[in-house]
Amino acid sequence: MKHLFGFLVIFIGMTILFLVGCQKDETNKTAAPGDINSTEKSIIIGDGTFEGLNGFADDYFTTSGLKSLPLTCPSISLSQLNSFPLSVTIDWGTGCSNADDGTTRSGKIIISLSGLMSNVNSVATFTFKDFVSDGYKISGTHKIIYLGLNSSNSWPRYSVVTEAKIVFPDSKFITYRAEYTRLKSEGASTATADDDVWRIEGHSSGVTREGVAWTASYPSALVKKHSCKWFSSGTVLITSEGMPDRTINFGDGTCDNKATITIGDKTSDIEL
């Protein structure tokens with residue numbers, strides 16, 4: 001049980017900045033520098049959704065189990081305690097709001113765990129049942145493999161693959177796929193999640209609401225501090241059909257909702 005809930009902190013490892021602003025539909029072909037077009041929205045929504053879930057787990061779980069806080073929603077149940085594979089169900093029911101980030105969630109996340117996440121090559125696979133976050137319905141799978149400690153600095157290291165469909169309130173949807181390595185670069189030696197810092201290195205891809213395919217890579221690692229709602233540094237290089245390459249830069253480590261977007265030799269400020 002100790003390792004299981006420790007895994008839940010790591011779990012939602014990924015992955016993902018919960019939604020802010022920019023609800024207008026814009027075509028990729030007419031967006032100007034500084035606009036957050038449909039492609040950037042897809043990336044921010046995809047990365048932010050899963051990172052928001054990771055932040056939720058950090059708030060409520062420790063390596064030794066549940067924190068000593070009232071936790072009436074979500075409820076957590078296990079298929080069994082001492083044998084693998086086992087199933088963990090996190091159930092938000094018909095909906096409740098997390099006071100820390102104001103996000104309202106409903107439905108369930110079901111986790112199939114092949115072994116303790118302290119064991120190298122253990123795999124956790126997440127699926128979603130009627131799961132909705134702030135009006136966005138999430139389906140698909142999210143898989144985490146524990147790779148052990150990074151040899152150079154003993155950071156816990158995970159391989160992550162996400163295959164998701166995110167449906168908007170108007171029934172339009174995006175697809176999102178991410179494959180990356182996630183490293184806990186700070187905070188691994190303390191019981192609290194407040195000082196945790198995560199680094200994400202890899203790539204993602206998907207299709208926008210308008211059916212435009214895109215790919216993204218991370219020339220410098222994305223850095224997400226538990227104490228900050230947004231990514232505080234790192235860059236995303238975006239390629240999409242009918243548009244020049246774009247780079248989103250999340251900054252120098254300062255915690256704020258600011259970023260820049262660069263197209264060619266033009267750079268503009270944006271708000272996340």
# chains A, B, ... in the order shown; residues from 1 in each chain; ligands from 1
>>> select_by_dssp(residues="range 161-210 of chain A", states="strand (DSSP E)", output="number ranges by chain")
A: 161-167, 173-186, 197-207
>>> residues_around(residues="Ser185 in chain A", least_positions_apart="4", cutoff="6 Å", atoms="only C-alpha atoms", output="JSON list (two decimals) with N, CA and C atoms, in the first residue's frame")
[["chain", "number", "residue", "atom", "x", "y", "z"],
["A", 155, "TRP", "N", 17.98, 11.00, -9.99],
["A", 155, "TRP", "CA", 16.60, 11.46, -10.11],
["A", 155, "TRP", "C", 15.71, 10.29, -10.51],
["A", 197, "VAL", "N", 10.02, 19.38, -8.41],
["A", 197, "VAL", "CA", 10.20, 19.97, -9.73],
["A", 197, "VAL", "C", 10.37, 18.84, -10.73],
["A", 198, "TRP", "N", 9.63, 18.94, -11.85],
["A", 198, "TRP", "CA", 9.65, 17.89, -12.88],
["A", 198, "TRP", "C", 10.20, 18.45, -14.19]]
>>> atom_distance(atom1="CA of Asn249 in chain A", atom2="CA of Lys165 in chain A")
25.4 Å
>>> residues_around(residues="range 139-141 of chain A", least_positions_apart="4", cutoff="6 Å", atoms="only C-alpha atoms", output="MDAnalysis selection string")
chainID A and resid 126:128 162:165
>>> write_last_selection(atoms="C-alpha atoms", output="CSV table (one decimal), in the first residue's frame")
chain,number,residue,atom,x,y,z
A,126,PHE,CA,-4.6,4.5,-16.9
A,127,THR,CA,-8.0,4.5,-18.6
A,128,PHE,CA,-10.8,6.9,-18.2
A,162,THR,CA,-0.3,9.1,-23.6
A,163,GLU,CA,-2.9,8.5,-26.3
A,164,ALA,CA,-5.9,10.7,-25.7
A,165,LYS,CA,-9.1,12.2,-27.2
>>> select_by_dssp(residues="range 14-258 of chain A", states="alpha helix (DSSP H)", output="number ranges by chain")
A: 38-60
>>> write_last_selection(atoms="N, CA and C atoms", output="mmCIF file, in the first residue's frame")
data_model
loop_
_atom_site.group_PDB
_atom_site.id
_atom_site.type_symbol
_atom_site.label_atom_id
_atom_site.label_comp_id
_atom_site.auth_asym_id
_atom_site.auth_seq_id
_atom_site.Cartn_x
_atom_site.Cartn_y
_atom_site.Cartn_z
ATOM 1 N N SER A 38 -5.213 27.323 -33.090
ATOM 2 C CA SER A 38 -5.783 26.029 -32.729
ATOM 3 C C SER A 38 -4.713 25.001 -32.397
ATOM 4 N N THR A 39 -3.555 25.091 -33.049
ATOM 5 C CA THR A 39 -2.477 24.139 -32.764
ATOM 6 C C THR A 39 -1.910 24.355 -31.372
ATOM 7 N N GLU A 40 -1.598 25.615 -31.040
ATOM 8 C CA GLU A 40 -1.079 25.882 -29.698
ATOM 9 C C GLU A 40 -2.084 25.512 -28.618
ATOM 10 N N LYS A 41 -3.367 25.760 -28.884
ATOM 11 C CA LYS A 41 -4.400 25.374 -27.929
ATOM 12 C C LYS A 41 -4.363 23.877 -27.670
ATOM 13 N N SER A 42 -4.230 23.086 -28.746
ATOM 14 C CA SER A 42 -4.209 21.634 -28.593
ATOM 15 C C SER A 42 -3.070 21.188 -27.698
ATOM 16 N N ILE A 43 -1.890 21.789 -27.886
ATOM 17 C CA ILE A 43 -0.726 21.420 -27.087
ATOM 18 C C ILE A 43 -0.919 21.836 -25.631
ATOM 19 N N ILE A 44 -1.381 23.071 -25.416
ATOM 20 C CA ILE A 44 -1.572 23.557 -24.051
ATOM 21 C C ILE A 44 -2.638 22.746 -23.330
ATOM 22 N N ILE A 45 -3.725 22.432 -24.019
ATOM 23 C CA ILE A 45 -4.787 21.627 -23.404
ATOM 24 C C ILE A 45 -4.286 20.223 -23.096
ATOM 25 N N GLY A 46 -3.606 19.592 -24.059
ATOM 26 C CA GLY A 46 -3.128 18.230 -23.836
ATOM 27 C C GLY A 46 -2.118 18.144 -22.707
ATOM 28 N N ASP A 47 -1.057 18.965 -22.784
ATOM 29 C CA ASP A 47 -0.039 18.959 -21.731
ATOM 30 C C ASP A 47 -0.656 19.364 -20.394
ATOM 31 N N GLY A 48 -1.507 20.399 -20.439
ATOM 32 C CA GLY A 48 -2.053 20.945 -19.200
ATOM 33 C C GLY A 48 -3.020 20.029 -18.498
ATOM 34 N N THR A 49 -3.824 19.302 -19.251
ATOM 35 C CA THR A 49 -4.796 18.402 -18.634
ATOM 36 C C THR A 49 -4.105 17.355 -17.772
ATOM 37 N N PHE A 50 -3.093 16.710 -18.319
ATOM 38 C CA PHE A 50 -2.425 15.645 -17.571
ATOM 39 C C PHE A 50 -1.526 16.203 -16.474
ATOM 40 N N GLU A 51 -0.945 17.380 -16.700
ATOM 41 C CA GLU A 51 -0.145 17.996 -15.639
ATOM 42 C C GLU A 51 -1.038 18.433 -14.493
ATOM 43 N N GLY A 52 -2.268 18.857 -14.806
ATOM 44 C CA GLY A 52 -3.213 19.214 -13.755
ATOM 45 C C GLY A 52 -3.564 18.028 -12.883
ATOM 46 N N LEU A 53 -3.735 16.865 -13.485
ATOM 47 C CA LEU A 53 -4.004 15.659 -12.710
ATOM 48 C C LEU A 53 -2.806 15.288 -11.847
ATOM 49 N N ASN A 54 -1.605 15.473 -12.383
ATOM 50 C CA ASN A 54 -0.411 15.201 -11.591
ATOM 51 C C ASN A 54 -0.347 16.110 -10.378
ATOM 52 N N GLY A 55 -0.673 17.388 -10.567
ATOM 53 C CA GLY A 55 -0.698 18.317 -9.450
ATOM 54 C C GLY A 55 -1.723 17.928 -8.411
ATOM 55 N N PHE A 56 -2.880 17.421 -8.856
ATOM 56 C CA PHE A 56 -3.893 16.954 -7.915
ATOM 57 C C PHE A 56 -3.333 15.808 -7.072
ATOM 58 N N ALA A 57 -2.667 14.862 -7.695
ATOM 59 C CA ALA A 57 -2.098 13.728 -6.956
ATOM 60 C C ALA A 57 -1.053 14.193 -5.952
ATOM 61 N N ASP A 58 -0.203 15.137 -6.366
ATOM 62 C CA ASP A 58 0.815 15.663 -5.455
ATOM 63 C C ASP A 58 0.189 16.278 -4.206
ATOM 64 N N ASP A 59 -0.988 16.896 -4.376
ATOM 65 C CA ASP A 59 -1.643 17.555 -3.253
ATOM 66 C C ASP A 59 -2.175 16.574 -2.215
ATOM 67 N N TYR A 60 -2.545 15.373 -2.638
ATOM 68 C CA TYR A 60 -3.276 14.479 -1.742
ATOM 69 C C TYR A 60 -2.574 13.181 -1.370
#
>>> atom_distance(atom1="CA of Gly95 in chain A", atom2="CA of Gly107 in chain A")
7.2 Å
>>> closest_residue(among="A:Ser122, A:Ala191, A:Glu179, A:Gly251", to="Ala216 in chain A", atoms="only C-alpha atoms")
A:Glu179
>>> closest_residue(among="A:Asp269, A:His226, A:Pro219, A:Pro169", to="Thr192 in chain A", atoms="only C-alpha atoms")
A:His226
>>> closest_residue(among="A:Thr208, A:Ser233, A:Ser118, A:Ser87", to="Phe168 in chain A", atoms="only C-alpha atoms")
A:Thr208
>>> residues_around(residues="Val236 in chain A", least_positions_apart="4", cutoff="12 Å", atoms="only C-alpha atoms", output="ChimeraX atom specification")
/A:39-40,43-44,47,200-205,215-223,231,245-251,259-262
>>> residues_around(residues="Thr125 in chain A", least_positions_apart="2", cutoff="6 Å", atoms="only C-alpha atoms", output="list of chain:residue names")
A:Ile111, A:Ser112, A:His142, A:Lys143
>>> write_last_selection(atoms="C-alpha atoms", output="PDB file, in the first residue's frame")
ATOM      1  CA  ILE A 111      -5.333   2.286 -13.068  1.00  0.00           C
ATOM      2  CA  SER A 112      -3.989  -1.172 -13.895  1.00  0.00           C
ATOM      3  CA  HIS A 142      -1.915   6.884 -20.206  1.00  0.00           C
ATOM      4  CA  LYS A 143       0.996   4.490 -19.611  1.00  0.00           C
TER       5      LYS A 143
END
>>> closest_residue(among="A:Gly115, A:Pro85, A:Gly135, A:Pro244", to="Thr103 in chain A", atoms="only C-alpha atoms")
A:Gly135
>>> atom_distance(atom1="CA of Ser171 in chain A", atom2="CA of Val207 in chain A")
14.9 Å
>>> closest_residue(among="A:Asp91, A:Asn119, A:Gly242, A:Ala188", to="Asn153 in chain A", atoms="only C-alpha atoms")
A:Ala188
>>> closest_residue(among="A:Ser227, A:Ser133, A:Asn150, A:Ser268", to="Ser97 in chain A", atoms="only C-alpha atoms")
A:Ser133
